[in-house]
Each structure stands twice: as structure tokens, then as C-alpha cells.
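Chemist: You'll find start13.txt just under this line, and it carries compact mmCIF, N, CA and C atoms.
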# COMPACT_ATOMS: atom_id res chain seq x y z
N MET A 739 0.83 -1.17 0.00
CA MET A 739 0.00 0.00 0.00
C MET A 739 0.88 1.25 0.00
N ILE A 740 0.45 2.25 -0.73
CA ILE A 740 1.18 3.51 -0.84
C ILE A 740 0.47 4.56 0.00
N ALA A 741 1.22 5.24 0.84
CA ALA A 741 0.69 6.34 1.66
C ALA A 741 1.37 7.63 1.22
N ILE A 742 0.58 8.66 0.98
CA ILE A 742 1.10 9.96 0.57
C ILE A 742 1.00 10.92 1.74
N GLY A 743 2.06 11.69 1.97
CA GLY A 743 2.04 12.65 3.06
C GLY A 743 3.22 13.59 2.99
N PRO A 744 3.34 14.45 3.97
CA PRO A 744 4.45 15.41 3.98
C PRO A 744 5.78 14.73 4.29
N LEU A 745 6.83 15.40 3.89
CA LEU A 745 8.17 14.95 4.26
C LEU A 745 8.41 15.30 5.72
N GLU A 746 8.90 14.35 6.47
CA GLU A 746 9.22 14.55 7.88
C GLU A 746 10.72 14.85 8.00
N PRO A 747 11.14 15.51 9.08
CA PRO A 747 12.58 15.80 9.24
C PRO A 747 13.47 14.56 9.08
N ALA A 748 13.02 13.42 9.52
CA ALA A 748 13.82 12.19 9.41
C ALA A 748 13.96 11.70 7.97
N ASP A 749 13.20 12.27 7.04
CA ASP A 749 13.24 11.86 5.63
C ASP A 749 14.32 12.58 4.83
N ARG A 750 15.06 13.46 5.45
CA ARG A 750 16.00 14.34 4.73
C ARG A 750 16.95 13.56 3.83
N THR A 751 17.59 12.55 4.33
CA THR A 751 18.59 11.81 3.54
C THR A 751 17.94 11.11 2.35
N THR A 752 16.84 10.42 2.59
CA THR A 752 16.17 9.71 1.50
C THR A 752 15.64 10.69 0.47
N TRP A 753 15.04 11.80 0.93
CA TRP A 753 14.56 12.82 -0.01
C TRP A 753 15.70 13.29 -0.90
N GLN A 754 16.86 13.59 -0.31
CA GLN A 754 17.96 14.08 -1.13
C GLN A 754 18.43 13.02 -2.11
N GLU A 755 18.48 11.77 -1.70
CA GLU A 755 18.88 10.70 -2.62
C GLU A 755 17.92 10.64 -3.81
N LEU A 756 16.61 10.75 -3.54
CA LEU A 756 15.63 10.71 -4.62
C LEU A 756 15.73 11.95 -5.50
N PHE A 757 15.90 13.11 -4.88
CA PHE A 757 16.01 14.35 -5.66
C PHE A 757 17.29 14.35 -6.49
N GLU A 758 18.37 13.81 -5.95
CA GLU A 758 19.60 13.67 -6.73
C GLU A 758 19.37 12.72 -7.91
N GLY A 759 18.62 11.64 -7.68
CA GLY A 759 18.30 10.72 -8.77
C GLY A 759 17.50 11.41 -9.86
N TYR A 760 16.56 12.24 -9.45
CA TYR A 760 15.76 13.02 -10.41
C TYR A 760 16.67 13.94 -11.23
N ASN A 761 17.54 14.66 -10.55
CA ASN A 761 18.41 15.59 -11.25
C ASN A 761 19.42 14.87 -12.14
N THR A 762 19.90 13.73 -11.72
CA THR A 762 20.80 12.94 -12.55
C THR A 762 20.07 12.48 -13.81
N PHE A 763 18.82 12.05 -13.66
CA PHE A 763 18.02 11.63 -14.82
C PHE A 763 17.95 12.74 -15.86
N TYR A 764 17.79 13.97 -15.40
CA TYR A 764 17.71 15.11 -16.32
C TYR A 764 19.06 15.77 -16.57
N GLU A 765 20.13 15.05 -16.22
CA GLU A 765 21.51 15.45 -16.52
C GLU A 765 21.85 16.82 -15.92
N ARG A 766 21.43 17.00 -14.67
CA ARG A 766 21.74 18.22 -13.92
C ARG A 766 22.50 17.85 -12.67
N THR A 767 23.36 18.75 -12.24
CA THR A 767 24.05 18.62 -10.97
C THR A 767 23.77 19.88 -10.18
N LEU A 768 23.25 19.72 -8.97
CA LEU A 768 22.97 20.87 -8.12
C LEU A 768 24.02 20.96 -7.02
N PRO A 769 24.38 22.17 -6.64
CA PRO A 769 25.32 22.31 -5.52
C PRO A 769 24.64 21.90 -4.21
N ALA A 770 25.44 21.46 -3.26
CA ALA A 770 24.91 20.99 -1.97
C ALA A 770 24.03 22.02 -1.31
N GLU A 771 24.38 23.29 -1.42
CA GLU A 771 23.58 24.33 -0.76
C GLU A 771 22.18 24.44 -1.34
N THR A 772 22.00 24.06 -2.59
CA THR A 772 20.65 24.09 -3.18
C THR A 772 19.77 23.05 -2.49
N TYR A 773 20.31 21.87 -2.24
CA TYR A 773 19.53 20.85 -1.53
C TYR A 773 19.17 21.34 -0.13
N ASP A 774 20.12 21.96 0.54
CA ASP A 774 19.86 22.49 1.88
C ASP A 774 18.76 23.56 1.83
N GLU A 775 18.88 24.47 0.89
CA GLU A 775 17.91 25.57 0.75
C GLU A 775 16.51 25.04 0.45
N LYS A 776 16.41 24.12 -0.49
CA LYS A 776 15.09 23.61 -0.87
C LYS A 776 14.48 22.76 0.24
N TRP A 777 15.31 21.99 0.94
CA TRP A 777 14.79 21.21 2.07
C TRP A 777 14.15 22.14 3.09
N GLN A 778 14.83 23.22 3.41
CA GLN A 778 14.28 24.18 4.37
C GLN A 778 12.97 24.78 3.86
N ALA A 779 12.92 25.08 2.58
CA ALA A 779 11.70 25.65 2.00
C ALA A 779 10.55 24.65 2.05
N PHE A 780 10.85 23.38 1.78
CA PHE A 780 9.79 22.37 1.84
C PHE A 780 9.31 22.16 3.27
N GLN A 781 10.22 22.25 4.22
CA GLN A 781 9.82 22.11 5.62
C GLN A 781 8.97 23.31 6.06
N ALA A 782 9.26 24.50 5.55
CA ALA A 782 8.45 25.68 5.86
C ALA A 782 7.07 25.57 5.23
N ASN A 783 6.98 24.93 4.06
CA ASN A 783 5.70 24.65 3.39
C ASN A 783 4.89 25.93 3.14
N GLU A 784 5.56 26.98 2.70
CA GLU A 784 4.87 28.24 2.44
C GLU A 784 4.74 28.54 0.95
N ASN A 785 5.85 28.65 0.23
CA ASN A 785 5.81 29.02 -1.18
C ASN A 785 5.95 27.82 -2.12
N ILE A 786 6.76 26.87 -1.72
CA ILE A 786 6.90 25.63 -2.48
C ILE A 786 6.61 24.48 -1.54
N HIS A 787 6.10 23.41 -2.11
CA HIS A 787 5.59 22.31 -1.30
C HIS A 787 6.15 20.98 -1.79
N ALA A 788 6.15 20.02 -0.90
CA ALA A 788 6.63 18.68 -1.23
C ALA A 788 5.74 17.65 -0.56
N LEU A 789 5.59 16.54 -1.24
CA LEU A 789 4.92 15.37 -0.68
C LEU A 789 5.81 14.17 -0.97
N CYS A 790 5.62 13.13 -0.18
CA CYS A 790 6.35 11.90 -0.46
C CYS A 790 5.37 10.73 -0.47
N ALA A 791 5.81 9.67 -1.11
CA ALA A 791 5.07 8.42 -1.12
C ALA A 791 5.85 7.43 -0.28
N ARG A 792 5.13 6.73 0.58
CA ARG A 792 5.75 5.71 1.43
C ARG A 792 5.16 4.35 1.10
N ALA A 793 6.02 3.37 1.05
CA ALA A 793 5.62 1.97 0.92
C ALA A 793 6.45 1.21 1.95
N ASP A 794 5.79 0.43 2.76
CA ASP A 794 6.48 -0.31 3.83
C ASP A 794 7.31 0.63 4.70
N ASP A 795 6.75 1.79 5.02
CA ASP A 795 7.38 2.80 5.88
C ASP A 795 8.67 3.38 5.31
N LYS A 796 8.88 3.25 4.01
CA LYS A 796 10.06 3.80 3.36
C LYS A 796 9.62 4.80 2.30
N VAL A 797 10.30 5.95 2.22
CA VAL A 797 10.00 6.93 1.19
C VAL A 797 10.47 6.39 -0.15
N VAL A 798 9.53 6.25 -1.09
CA VAL A 798 9.84 5.68 -2.40
C VAL A 798 9.52 6.62 -3.55
N GLY A 799 9.03 7.82 -3.23
CA GLY A 799 8.73 8.79 -4.28
C GLY A 799 8.57 10.17 -3.68
N ILE A 800 8.84 11.19 -4.51
CA ILE A 800 8.70 12.58 -4.07
C ILE A 800 8.09 13.41 -5.19
N THR A 801 7.45 14.49 -4.78
CA THR A 801 6.99 15.49 -5.73
C THR A 801 7.13 16.87 -5.10
N HIS A 802 7.44 17.84 -5.95
CA HIS A 802 7.57 19.24 -5.53
C HIS A 802 6.63 20.07 -6.40
N PHE A 803 5.95 21.03 -5.81
CA PHE A 803 4.93 21.78 -6.56
C PHE A 803 4.67 23.12 -5.90
N PHE A 804 4.00 24.00 -6.63
CA PHE A 804 3.63 25.29 -6.07
C PHE A 804 2.46 25.89 -6.86
N LYS A 805 1.77 26.78 -6.19
CA LYS A 805 0.65 27.50 -6.79
C LYS A 805 1.17 28.85 -7.28
N HIS A 806 0.63 29.29 -8.42
CA HIS A 806 0.98 30.63 -8.89
C HIS A 806 -0.19 31.26 -9.63
N PRO A 807 -0.20 32.59 -9.70
CA PRO A 807 -1.29 33.27 -10.40
C PRO A 807 -1.28 32.97 -11.89
N SER A 808 -2.44 33.14 -12.48
CA SER A 808 -2.59 33.03 -13.93
C SER A 808 -3.24 34.31 -14.43
N THR A 809 -2.80 34.82 -15.54
CA THR A 809 -3.40 36.04 -16.09
C THR A 809 -4.75 35.77 -16.74
N SER A 810 -5.07 34.51 -17.01
CA SER A 810 -6.30 34.20 -17.74
C SER A 810 -7.37 33.53 -16.89
N GLY A 811 -7.19 33.49 -15.59
CA GLY A 811 -8.20 32.88 -14.74
C GLY A 811 -7.67 32.64 -13.34
N PRO A 812 -8.29 31.70 -12.64
CA PRO A 812 -7.85 31.39 -11.27
C PRO A 812 -6.40 30.89 -11.23
N ASP A 813 -5.85 30.83 -10.04
CA ASP A 813 -4.50 30.32 -9.85
C ASP A 813 -4.36 28.92 -10.42
N VAL A 814 -3.12 28.56 -10.72
CA VAL A 814 -2.81 27.23 -11.24
C VAL A 814 -1.72 26.60 -10.36
N CYS A 815 -1.56 25.31 -10.49
CA CYS A 815 -0.55 24.57 -9.73
C CYS A 815 0.45 23.97 -10.70
N TYR A 816 1.72 24.26 -10.49
CA TYR A 816 2.79 23.70 -11.29
C TYR A 816 3.44 22.56 -10.52
N LEU A 817 3.37 21.37 -11.06
CA LEU A 817 4.02 20.20 -10.50
C LEU A 817 5.42 20.18 -11.13
N GLN A 818 6.41 20.62 -10.39
CA GLN A 818 7.73 20.82 -10.97
C GLN A 818 8.57 19.55 -11.02
N ASP A 819 8.55 18.76 -9.97
CA ASP A 819 9.40 17.57 -9.90
C ASP A 819 8.58 16.37 -9.45
N LEU A 820 8.84 15.24 -10.05
CA LEU A 820 8.20 13.98 -9.66
C LEU A 820 9.21 12.87 -9.91
N PHE A 821 9.48 12.09 -8.86
CA PHE A 821 10.46 11.01 -9.01
C PHE A 821 10.10 9.85 -8.13
N THR A 822 10.21 8.66 -8.70
CA THR A 822 9.95 7.42 -7.98
C THR A 822 11.23 6.60 -7.94
N ALA A 823 11.53 6.02 -6.80
CA ALA A 823 12.70 5.15 -6.69
C ALA A 823 12.57 4.01 -7.70
N PRO A 824 13.66 3.65 -8.36
CA PRO A 824 13.59 2.61 -9.39
C PRO A 824 12.91 1.32 -8.92
N GLU A 825 13.18 0.90 -7.69
CA GLU A 825 12.60 -0.36 -7.20
C GLU A 825 11.09 -0.27 -6.94
N ALA A 826 10.55 0.94 -6.95
CA ALA A 826 9.12 1.12 -6.67
C ALA A 826 8.32 1.46 -7.93
N ARG A 827 8.96 1.53 -9.05
CA ARG A 827 8.25 1.90 -10.29
C ARG A 827 7.29 0.81 -10.71
N GLY A 828 6.20 1.26 -11.31
CA GLY A 828 5.18 0.33 -11.77
C GLY A 828 4.21 -0.08 -10.69
N ARG A 829 4.29 0.54 -9.52
CA ARG A 829 3.43 0.17 -8.39
C ARG A 829 2.39 1.25 -8.07
N GLY A 830 2.29 2.28 -8.93
CA GLY A 830 1.30 3.32 -8.72
C GLY A 830 1.77 4.51 -7.91
N VAL A 831 3.06 4.59 -7.65
CA VAL A 831 3.60 5.68 -6.84
C VAL A 831 3.43 7.03 -7.54
N GLY A 832 3.84 7.12 -8.80
CA GLY A 832 3.71 8.37 -9.55
C GLY A 832 2.27 8.82 -9.65
N ARG A 833 1.39 7.90 -9.97
CA ARG A 833 -0.04 8.22 -10.07
C ARG A 833 -0.57 8.74 -8.73
N ALA A 834 -0.20 8.09 -7.65
CA ALA A 834 -0.68 8.51 -6.33
C ALA A 834 -0.16 9.91 -5.97
N LEU A 835 1.09 10.20 -6.31
CA LEU A 835 1.63 11.52 -6.03
C LEU A 835 0.92 12.59 -6.86
N ILE A 836 0.67 12.32 -8.12
CA ILE A 836 -0.04 13.29 -8.97
C ILE A 836 -1.45 13.50 -8.44
N GLU A 837 -2.12 12.43 -8.05
CA GLU A 837 -3.47 12.57 -7.48
C GLU A 837 -3.46 13.42 -6.22
N ALA A 838 -2.44 13.25 -5.39
CA ALA A 838 -2.35 14.04 -4.15
C ALA A 838 -2.12 15.52 -4.46
N VAL A 839 -1.27 15.81 -5.43
CA VAL A 839 -1.05 17.20 -5.83
C VAL A 839 -2.34 17.78 -6.41
N THR A 840 -3.04 17.01 -7.21
CA THR A 840 -4.31 17.46 -7.77
C THR A 840 -5.32 17.76 -6.68
N ASP A 841 -5.41 16.90 -5.67
CA ASP A 841 -6.31 17.15 -4.54
C ASP A 841 -5.92 18.43 -3.82
N TRP A 842 -4.62 18.63 -3.60
CA TRP A 842 -4.13 19.85 -2.94
C TRP A 842 -4.53 21.07 -3.76
N ALA A 843 -4.32 21.00 -5.07
CA ALA A 843 -4.64 22.13 -5.95
C ALA A 843 -6.13 22.46 -5.91
N LYS A 844 -6.97 21.45 -5.86
CA LYS A 844 -8.42 21.69 -5.75
C LYS A 844 -8.73 22.42 -4.45
N GLN A 845 -8.10 22.01 -3.36
CA GLN A 845 -8.32 22.67 -2.06
C GLN A 845 -7.84 24.12 -2.08
N GLN A 846 -6.87 24.42 -2.95
CA GLN A 846 -6.34 25.78 -3.07
C GLN A 846 -7.10 26.59 -4.12
N ASN A 847 -8.18 26.02 -4.65
CA ASN A 847 -9.00 26.66 -5.69
C ASN A 847 -8.24 26.94 -6.98
N CYS A 848 -7.29 26.10 -7.30
CA CYS A 848 -6.59 26.20 -8.58
C CYS A 848 -7.50 25.66 -9.68
N CYS A 849 -7.30 26.15 -10.89
CA CYS A 849 -8.15 25.68 -11.99
C CYS A 849 -7.49 24.55 -12.79
N ARG A 850 -6.19 24.33 -12.56
CA ARG A 850 -5.53 23.21 -13.25
C ARG A 850 -4.19 22.92 -12.60
N VAL A 851 -3.70 21.71 -12.87
CA VAL A 851 -2.35 21.29 -12.51
C VAL A 851 -1.64 21.02 -13.83
N TYR A 852 -0.41 21.46 -13.94
CA TYR A 852 0.34 21.18 -15.16
C TYR A 852 1.79 20.86 -14.83
N TRP A 853 2.46 20.24 -15.79
CA TRP A 853 3.87 19.90 -15.63
C TRP A 853 4.50 19.71 -16.99
N HIS A 854 5.81 19.58 -16.99
CA HIS A 854 6.60 19.32 -18.20
C HIS A 854 7.37 18.02 -18.00
N THR A 855 7.69 17.38 -19.08
CA THR A 855 8.62 16.26 -19.04
C THR A 855 9.39 16.24 -20.35
N SER A 856 10.47 15.55 -20.37
CA SER A 856 11.25 15.43 -21.59
C SER A 856 10.53 14.54 -22.59
N GLU A 857 10.68 14.88 -23.83
CA GLU A 857 10.06 14.10 -24.89
C GLU A 857 10.51 12.64 -24.84
N TRP A 858 11.74 12.40 -24.42
CA TRP A 858 12.30 11.05 -24.38
C TRP A 858 12.00 10.29 -23.09
N ASN A 859 11.22 10.88 -22.20
CA ASN A 859 10.89 10.21 -20.93
C ASN A 859 9.69 9.28 -21.15
N ASP A 860 9.92 8.22 -21.91
CA ASP A 860 8.85 7.32 -22.33
C ASP A 860 8.11 6.67 -21.16
N THR A 861 8.83 6.27 -20.14
CA THR A 861 8.19 5.59 -19.01
C THR A 861 7.18 6.51 -18.34
N ALA A 862 7.59 7.72 -18.02
CA ALA A 862 6.68 8.66 -17.37
C ALA A 862 5.54 9.04 -18.31
N ARG A 863 5.83 9.22 -19.57
CA ARG A 863 4.80 9.65 -20.52
C ARG A 863 3.69 8.60 -20.67
N LYS A 864 4.01 7.34 -20.47
CA LYS A 864 2.96 6.31 -20.52
C LYS A 864 1.92 6.58 -19.44
N LEU A 865 2.37 6.95 -18.26
CA LEU A 865 1.44 7.30 -17.18
C LEU A 865 0.73 8.62 -17.51
N TYR A 866 1.49 9.64 -17.87
CA TYR A 866 0.91 10.96 -18.10
C TYR A 866 -0.16 10.92 -19.20
N ASP A 867 0.08 10.13 -20.23
CA ASP A 867 -0.90 10.02 -21.31
C ASP A 867 -2.21 9.40 -20.83
N GLN A 868 -2.17 8.63 -19.76
CA GLN A 868 -3.38 8.01 -19.21
C GLN A 868 -4.18 8.96 -18.33
N ILE A 869 -3.50 9.91 -17.69
CA ILE A 869 -4.19 10.70 -16.66
C ILE A 869 -4.32 12.19 -16.97
N ALA A 870 -3.67 12.66 -18.03
CA ALA A 870 -3.68 14.10 -18.30
C ALA A 870 -3.76 14.35 -19.81
N GLU A 871 -4.08 15.56 -20.14
CA GLU A 871 -4.14 15.99 -21.53
C GLU A 871 -2.78 16.53 -21.94
N LYS A 872 -2.25 16.03 -23.04
CA LYS A 872 -1.00 16.55 -23.60
C LYS A 872 -1.35 17.80 -24.40
N THR A 873 -0.72 18.91 -24.04
CA THR A 873 -1.04 20.16 -24.72
C THR A 873 -0.13 20.34 -25.94
N PRO A 874 -0.51 21.23 -26.84
CA PRO A 874 0.31 21.48 -28.03
C PRO A 874 1.41 22.53 -27.81
N PHE A 875 1.57 23.00 -26.57
CA PHE A 875 2.54 24.07 -26.34
C PHE A 875 3.97 23.56 -26.43
N VAL A 876 4.85 24.41 -26.91
CA VAL A 876 6.28 24.14 -26.99
C VAL A 876 6.95 24.97 -25.91
N HIS A 877 7.88 24.40 -25.21
CA HIS A 877 8.55 25.04 -24.08
C HIS A 877 9.82 25.74 -24.56
N TYR A 878 9.96 27.02 -24.22
CA TYR A 878 11.18 27.78 -24.52
C TYR A 878 11.77 28.28 -23.20
N ARG A 879 13.06 28.58 -23.21
CA ARG A 879 13.68 29.12 -22.01
C ARG A 879 14.91 29.93 -22.38
N ILE A 880 15.25 30.81 -21.48
CA ILE A 880 16.49 31.56 -21.53
C ILE A 880 17.19 31.32 -20.20
N VAL A 881 18.33 30.69 -20.23
CA VAL A 881 19.07 30.40 -19.00
C VAL A 881 19.87 31.65 -18.64
N LEU A 882 19.74 32.07 -17.39
CA LEU A 882 20.44 33.28 -16.92
C LEU A 882 21.59 32.92 -16.01
As C-alpha cells, how would this structure be written, given the file I've shared?
Modeler:
Amino acid sequence: MIAIGPLEPADRTTWQELFEGYNTFYERTLPAETYDEKWQAFQANENIHALCARADDKVVGITHFFKHPSTSGPDVCYLQDLFTAPEARGRGVGRALIEAVTDWAKQQNCCRVYWHTSEWNDTARKLYDQIAEKTPFVHYRIVL
């Protein structure tokens, strides 16, 4: 059984291992102070939020998300990061985390939840194609 809930102080090491796995998957390396800063922000639970999935009392998945204004309607929720431990994949962890973020967004009166993934992330896209609408938007960025 999968239980979704907040990250507890004792989850710090496992959370960082999972978040490092997520960043490695996307070929990013973050400095140690970024992990420290984001952990503190998630513990404060004010501007950015985190949930974890537990199976057998072990954290096996994480998600990070936040609410922001929209110029065309009510606030929206951006699901920024989602990662499941390799040994827990295929057990509904990702789906449960997305459902929990969606429930949170409804409670916050958001009108939608959205996220991005890499075109080559076939495993995740199999799930996303089942539970969400793929939009026609193309993502651009300027790195500063």
C-alpha cells in the first residue's frame, strides 16, 4: 500500500537521494547548498511544497509543486518535480503523487495542474498520457 504525506525531518537523507536521482536523470548537478535551501523551503511549506510516497514505511517517491497566479483565470498549480525510486516503479507511486497534488490544488481553488517532461521520458509519458491531456505548447527558455 502507498501512503502519501508530507516529508518529515527524518526523511531528509532519502529525499535528497531521490532528488539527486531526479536531477541525474535530467543530466543536472545541483550544488549541496541548493539541496539544503530547498529542504528548508519544503519544511516551511509556504511558497513551495513537497509530498512523499511511502511503501512499507520507506519513502519511495517525491513530488515538488507550487501555486501561482494566472493572467487568464484562477491560480494554477505547477508540478515541478516527480520522481519514484527505481525499485518502486510500476506500483502506482507516480499516479498517487499526482493525485495528491491534484487534490491539494483543488483545495487551493486552482483551476488546473500542469507539468513538463522530456520528450524522451517514455516511461513517465505512458502514465501521463493516461491521466492528463498533452497540450500542443512548446517550451522555450532563456538560461540566466
Chemist: CA of Pro824 in chain A and atom C of Leu745 in chain A are how many Å apart?
Modeler: 20.4 Å
Chemist: Enter the distance from atom C of His854 in chain A to CA of Asp819 in chain A, in Å, rounded to one decimal.
Modeler: 8.4 Å
Chemist: Find the residue from A:Leu756, A:Ala779, A:Val851, A:Val876 that sits nearest to Leu820 in chain A; use all atoms listed in the file when measuring.
Modeler: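 Looking at the shortest contact to Leu820 in chain A, the residue is A:Leu756.
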Chemist: Set the distance at 10 Å and use only C-alpha atoms: which residues neighbour Pro747 in chain A once local chain neighbours fewer than 2 positions away are removed? I'd like the list as a compact mmCIF listing (two decimals) with N, CA and C atoms, in the frame of the given file.
Modeler:
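The result, written out as out10.txt:
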# COMPACT_ATOMS: atom_id res chain seq x y z
N PRO A 744 3.34 14.45 3.97
CA PRO A 744 4.45 15.41 3.98
C PRO A 744 5.78 14.73 4.29
N LEU A 745 6.83 15.40 3.89
CA LEU A 745 8.17 14.95 4.26
C LEU A 745 8.41 15.30 5.72
N ASP A 749 13.20 12.27 7.04
CA ASP A 749 13.24 11.86 5.63
C ASP A 749 14.32 12.58 4.83
N ARG A 750 15.06 13.46 5.45
CA ARG A 750 16.00 14.34 4.73
C ARG A 750 16.95 13.56 3.83
N THR A 751 17.59 12.55 4.33
CA THR A 751 18.59 11.81 3.54
C THR A 751 17.94 11.11 2.35
N TRP A 753 15.04 11.80 0.93
CA TRP A 753 14.56 12.82 -0.01
C TRP A 753 15.70 13.29 -0.90
N TRP A 777 15.31 21.99 0.94
CA TRP A 777 14.79 21.21 2.07
C TRP A 777 14.15 22.14 3.09
N GLN A 778 14.83 23.22 3.41
CA GLN A 778 14.28 24.18 4.37
C GLN A 778 12.97 24.78 3.86
N GLN A 781 10.22 22.25 4.22
CA GLN A 781 9.82 22.11 5.62
C GLN A 781 8.97 23.31 6.06
Chemist: Using only C-alpha atoms, find the one residue out of A:Ser808, A:Gln868, A:Thr822, A:Thr772 that sits nearest to Cys849 in chain A.
Modeler: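 Closest to Cys849 in chain A of all the choices is A:Ser808.
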Chemist: Got a sec to tell me which of chain A DSSP assigns to helix (DSSP H, G or I), as number ranges by chain?
Modeler: A: 747-763, 770-782, 824-826, 831-845, 860-869
Chemist: Can you work out the spacing between atom N of Ala823 in chain A and atom N of Ile800 in chain A in Å, to one decimal?
Modeler: 6.3 Å
Chemist: Of the candidates A:Gly811, A:Pro874, A:Gly799, A:Gly830, which shows the shortest atom-to-atom distance to Phe757 in chain A, using only N, CA and C atoms?
Modeler: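 Of A:Gly811, A:Pro874, A:Gly799, A:Gly830, the one nearest Phe757 in chain A is A:Gly799, counting only N, CA and C atoms.
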Chemist: Just the residues within 8 Å of Asp794 in chain A, please, counting only N, CA and C atoms, with nothing from its chain fewer than 4 positions along; format it as a PyMOL selection string.
Modeler: chain A and resi 739-741+798
Chemist: Go through A:Cys848, A:Cys815, A:Gln754, A:Leu835 and flag the residue nearest Leu789 in chain A, using only N, CA and C atoms for the distances.
Modeler: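 Closest candidate: A:Leu835.
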Chemist: Considering only strand (DSSP E) as DSSP defines it on the backbone, what residues of chain A qualify? List them as an MDAnalysis selection string.
Modeler: chainID A and resid 740:743 787:793 796:808 811:822 851:852
Chemist: Around all the atoms of range 781-785 of chain A listed in the file, with 4 Å of room on each side, what axis-aligned box do you get, giving centre and edge lengths in Å to one decimal, as lines of an AutoDock Vina configuration file?
Modeler:
center_x = 7.5
center_y = 25.6
center_z = 2.0
size_x = 13.5
size_y = 14.9
size_z = 16.2
Chemist: When you count only N, CA and C atoms, which of these residues is closest to Val814 in chain A: A:Lys776, A:Lys844, A:Arg827, A:Arg850?
Modeler: A:Arg850
